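Undergrad: Got a file for you: my_file35.pdb, PDB, C-alpha atoms.
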```
ATOM      1  CA  MET A   1       9.707 -10.120  32.470
ATOM      2  CA  ARG A   2       9.416 -11.807  35.866
ATOM      3  CA  ASP A   3      11.015 -15.074  36.837
ATOM      4  CA  LYS A   4       9.904 -16.943  39.935
ATOM      5  CA  ARG A   5      13.099 -18.434  41.355
ATOM      6  CA  ARG A   6      12.384 -21.863  42.788
ATOM      7  CA  GLY A   7      12.706 -21.895  46.532
ATOM      8  CA  SER A   8      13.561 -18.209  46.861
ATOM      9  CA  GLY A   9      10.042 -16.974  47.476
ATOM     10  CA  GLN A  10      10.943 -13.822  45.544
ATOM     11  CA  ASN A  11      10.137 -12.497  42.124
ATOM     12  CA  VAL A  12      13.305 -11.492  40.285
ATOM     13  CA  ARG A  13      13.200  -9.086  37.366
ATOM     14  CA  MET A  14      15.019 -10.566  34.392
ATOM     15  CA  SER A  15      16.197  -8.056  31.791
ATOM     16  CA  THR A  16      16.025  -9.077  28.154
ATOM     17  CA  HIS A  17      18.079  -6.149  26.835
ATOM     18  CA  THR A  18      20.802  -6.768  24.268
ATOM     19  CA  SER A  19      23.741  -4.622  23.169
ATOM     20  CA  ASP A  20      21.499  -3.195  20.426
ATOM     21  CA  ASP A  21      19.498  -1.482  23.201
ATOM     22  CA  LEU A  22      22.629  -0.008  24.769
ATOM     23  CA  ASP A  23      23.303   3.731  24.648
ATOM     24  CA  ILE A  24      26.971   4.708  24.956
ATOM     25  CA  HIS A  25      27.734   8.224  26.175
ATOM     26  CA  HIS A  26      31.259   9.663  26.100
ATOM     27  CA  ASP A  27      32.192  12.361  28.596
ATOM     28  CA  ALA A  28      35.623  13.524  27.424
ATOM     29  CA  ASP A  29      36.070  15.833  30.428
ATOM     30  CA  ALA A  30      35.484  12.954  32.868
ATOM     31  CA  GLN A  31      37.414  10.562  30.576
ATOM     32  CA  ARG A  32      34.628   8.006  30.781
ATOM     33  CA  PHE A  33      32.353   6.051  28.458
ATOM     34  CA  THR A  34      29.043   5.196  30.129
ATOM     35  CA  ALA A  35      26.629   2.475  29.004
ATOM     36  CA  SER A  36      22.945   2.803  29.819
ATOM     37  CA  LEU A  37      19.733   0.962  29.031
ATOM     38  CA  PRO A  38      16.190   2.275  28.784
ATOM     39  CA  GLY A  39      14.489   1.698  32.124
ATOM     40  CA  ASP A  40      17.655   0.459  33.823
ATOM     41  CA  GLY A  41      19.928   3.504  33.674
ATOM     42  CA  GLU A  42      23.693   3.092  33.848
ATOM     43  CA  VAL A  43      24.804  -0.521  33.548
ATOM     44  CA  GLY A  44      28.510  -0.055  32.912
ATOM     45  CA  HIS A  45      31.422   2.270  32.316
ATOM     46  CA  LEU A  46      34.904   2.389  30.866
ATOM     47  CA  ASP A  47      37.403   4.786  32.475
ATOM     48  CA  TYR A  48      40.553   6.066  30.841
ATOM     49  CA  THR A  49      43.192   8.758  31.093
ATOM     50  CA  ALA A  50      44.678  10.510  28.093
ATOM     51  CA  ASP A  51      47.491  12.816  27.147
ATOM     52  CA  ALA A  52      48.441  14.217  23.757
ATOM     53  CA  VAL A  53      49.401  10.832  22.287
ATOM     54  CA  THR A  54      48.137   8.044  24.556
ATOM     55  CA  MET A  55      44.873   6.716  25.970
ATOM     56  CA  THR A  56      45.344   4.486  29.007
ATOM     57  CA  VAL A  57      42.257   2.348  29.611
ATOM     58  CA  ARG A  58      42.081   1.915  33.373
ATOM     59  CA  SER A  59      38.924  -0.150  33.871
ATOM     60  CA  THR A  60      35.901  -1.608  32.138
ATOM     61  CA  VAL A  61      32.979  -2.458  34.420
ATOM     62  CA  VAL A  62      29.553  -3.960  33.667
ATOM     63  CA  ASP A  63      26.909  -4.593  36.315
ATOM     64  CA  PRO A  64      26.954  -8.393  36.839
ATOM     65  CA  ARG A  65      23.199  -8.555  36.190
ATOM     66  CA  PHE A  66      23.944  -7.543  32.601
ATOM     67  CA  GLY A  67      27.085  -9.576  31.953
ATOM     68  CA  GLY A  68      27.607 -11.766  28.914
ATOM     69  CA  ARG A  69      25.609  -9.608  26.502
ATOM     70  CA  GLY A  70      28.406  -7.767  24.725
ATOM     71  CA  PHE A  71      28.054  -4.539  26.705
ATOM     72  CA  ALA A  72      31.766  -4.337  27.598
ATOM     73  CA  ALA A  73      32.649  -5.064  23.965
ATOM     74  CA  LYS A  74      30.467  -2.217  22.757
ATOM     75  CA  MET A  75      32.130   0.221  25.179
ATOM     76  CA  ALA A  76      35.583  -1.074  24.197
ATOM     77  CA  ARG A  77      34.814  -0.596  20.511
ATOM     78  CA  GLU A  78      33.618   2.974  21.129
ATOM     79  CA  ALA A  79      36.726   3.803  23.184
ATOM     80  CA  LEU A  80      39.163   2.283  20.697
ATOM     81  CA  ASP A  81      37.439   3.976  17.761
ATOM     82  CA  TYR A  82      37.703   7.275  19.632
ATOM     83  CA  ALA A  83      41.408   6.705  20.326
ATOM     84  CA  GLN A  84      41.952   5.949  16.655
ATOM     85  CA  GLU A  85      40.117   9.150  15.619
ATOM     86  CA  GLN A  86      42.351  11.147  17.985
ATOM     87  CA  GLY A  87      45.510   9.514  16.625
ATOM     88  CA  TRP A  88      46.295   8.038  20.048
ATOM     89  CA  GLN A  89      48.075   4.843  20.989
ATOM     90  CA  VAL A  90      46.332   2.733  23.668
ATOM     91  CA  VAL A  91      47.799   1.310  26.876
ATOM     92  CA  PRO A  92      45.460  -1.444  28.132
ATOM     93  CA  GLN A  93      45.819  -1.397  31.934
ATOM     94  CA  CYS A  94      42.413  -3.076  31.963
ATOM     95  CA  SER A  95      42.741  -6.784  31.133
ATOM     96  CA  TYR A  96      39.424  -6.765  29.274
ATOM     97  CA  ILE A  97      40.809  -4.418  26.612
ATOM     98  CA  GLY A  98      43.757  -6.737  25.975
ATOM     99  CA  THR A  99      41.391  -9.672  25.514
ATOM    100  CA  PHE A 100      39.073  -7.607  23.317
ATOM    101  CA  VAL A 101      41.953  -6.606  21.026
ATOM    102  CA  ASP A 102      43.115 -10.234  20.793
ATOM    103  CA  ARG A 103      39.616 -11.076  19.503
ATOM    104  CA  ASN A 104      39.420  -7.972  17.289
ATOM    105  CA  PRO A 105      42.843  -7.665  15.634
ATOM    106  CA  GLN A 106      41.809  -4.613  13.615
ATOM    107  CA  TYR A 107      42.674  -2.641  16.790
ATOM    108  CA  ALA A 108      46.082  -4.283  17.389
ATOM    109  CA  GLU A 109      48.026  -1.434  15.770
ATOM    110  CA  LEU A 110      46.757   0.931  18.492
ATOM    111  CA  ILE A 111      48.190  -1.066  21.403
ATOM    112  CA  VAL A 112      51.455  -0.150  23.133
ATOM    113  CA  ASP A 113      52.941  -1.488  26.367
TER     114      ASP A 113
END
```
Any chance you could put this one into structure tokens?
TA:
Amino acid sequence: MRDKRRGSGQNVRMSTHTSDDLDIHHDADAQRFTASLPGDGEVGHLDYTADAVTMTVRSTVVDPRFGGRGFAAKMAREALDYAQEQGWQVVPQCSYIGTFVDRNPQYAELIVD
């Protein structure tokens, strides 16, 4: 889809992708969840560190062009589900994860300070 921005003199490509189009890949060795879209490639990532009992979520980043579509939430859900499967507690160094858990209390039992 193309959108002619008034006064800019440039055509700007507007993506219509939603979180349903998002592919989440987990690289356990790199301790990273990566979000990608068909035709756009990587649009976000969530980085963490882990030891035997704890996952520390360090950052959640989404390309600003794709913000507000639930992409960070989908990565957060994948990461927290993975932590739960591993029997880990979660330390949310990333402020987004704290906010996400406040909105999704089913993950509250995973959180430690």
Undergrad: Quick one: distance from atom CA of Tyr107 of chain A to atom CA of Asp63 of chain A in Å, one decimal?
TA: 25.2 Å
Undergrad: Could you list as a PyMOL selection string every residue that has an atom within 7 Å of (32.6, -2.6, 27.7), using the file's coordinates and counting all atoms listed in the file?
TA: chain A and resi 45-46+60-62+71-76
Undergrad: Taking 2 positions as the minimum chain separation for residues in the same chain, which residues sit within 10 Å of His26 of chain A when counting all atoms listed in the file? Answer as a PyMOL selection string.
TA: chain A and resi 24+28-35+45-46+75+78-79+82
Undergrad: How would the residues just picked look written out with C-alpha atoms as a short mmCIF file (atom, residue, chain, number, x, y, z; two decimals), in the frame of the given file?
TA:
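Saved as out_3.cif:
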```cif
data_model
loop_
_atom_site.label_atom_id
_atom_site.label_comp_id
_atom_site.auth_asym_id
_atom_site.auth_seq_id
_atom_site.Cartn_x
_atom_site.Cartn_y
_atom_site.Cartn_z
CA ILE A 24 26.97 4.71 24.96
CA ALA A 28 35.62 13.52 27.42
CA ASP A 29 36.07 15.83 30.43
CA ALA A 30 35.48 12.95 32.87
CA GLN A 31 37.41 10.56 30.58
CA ARG A 32 34.63 8.01 30.78
CA PHE A 33 32.35 6.05 28.46
CA THR A 34 29.04 5.20 30.13
CA ALA A 35 26.63 2.48 29.00
CA HIS A 45 31.42 2.27 32.32
CA LEU A 46 34.90 2.39 30.87
CA MET A 75 32.13 0.22 25.18
CA GLU A 78 33.62 2.97 21.13
CA ALA A 79 36.73 3.80 23.18
CA TYR A 82 37.70 7.28 19.63
#
```
Undergrad: Once the PyMOL selection byres ((chain A and resi 55) around 12) has been evaluated on this model, what residues remain selected, and can you format them as a ChimeraX atom specification?
TA: /A:28,31-32,46-54,56-58,79-94,97,110-113
Undergrad: Which value, in Å to one decimal, gives the distance between atom CA of Pro64 of chain A and atom CA of Val43 of chain A?
TA: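 Computed distance, atom CA of Pro64 of chain A to atom CA of Val43 of chain A, equals 8.8 Å.
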Undergrad: Around all of segment 33-39 of chain A's listed atoms, make the axis-aligned box with 6 Å on each side and tell me centre and edge lengths in Å to one decimal, as AutoDock Vina command-line options.
TA:
```
--center_x 23.4 --center_y 3.5 --center_z 30.3 --size_x 29.9 --size_y 17.1 --size_z 15.7
```
Undergrad: With distances taken over all atoms listed in the file, which of A:Arg77, A:Asp27, A:Gly44, A:Gly70 is nearest to Pro105 of chain A?
TA: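 Under the stated criterion, the closest residue is A:Arg77.
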Undergrad: Do a neighbour search on Ser36 of chain A at 6 Å with all atoms listed in the file, toss out local chain neighbours closer than 3 positions, and write the hits as a PyMOL selection string.
TA: chain A and resi 22-23+41-43
Undergrad: Since we have the selection now, will you write its residues out, keeping C-alpha atoms, as an mmCIF file, in the frame of the given file?
TA:
```
data_model
loop_
_atom_site.group_PDB
_atom_site.id
_atom_site.type_symbol
_atom_site.label_atom_id
_atom_site.label_comp_id
_atom_site.auth_asym_id
_atom_site.auth_seq_id
_atom_site.Cartn_x
_atom_site.Cartn_y
_atom_site.Cartn_z
ATOM 1 C CA LEU A 22 22.629 -0.008 24.769
ATOM 2 C CA ASP A 23 23.303 3.731 24.648
ATOM 3 C CA GLY A 41 19.928 3.504 33.674
ATOM 4 C CA GLU A 42 23.693 3.092 33.848
ATOM 5 C CA VAL A 43 24.804 -0.521 33.548
#
```
Undergrad: Could you tell me how far atom CA of Tyr96 of chain A lies from atom CA of Pro38 of chain A, in Å and to one decimal?
TA: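 For atom CA of Tyr96 of chain A relative to atom CA of Pro38 of chain A, the distance reads 24.9 Å.
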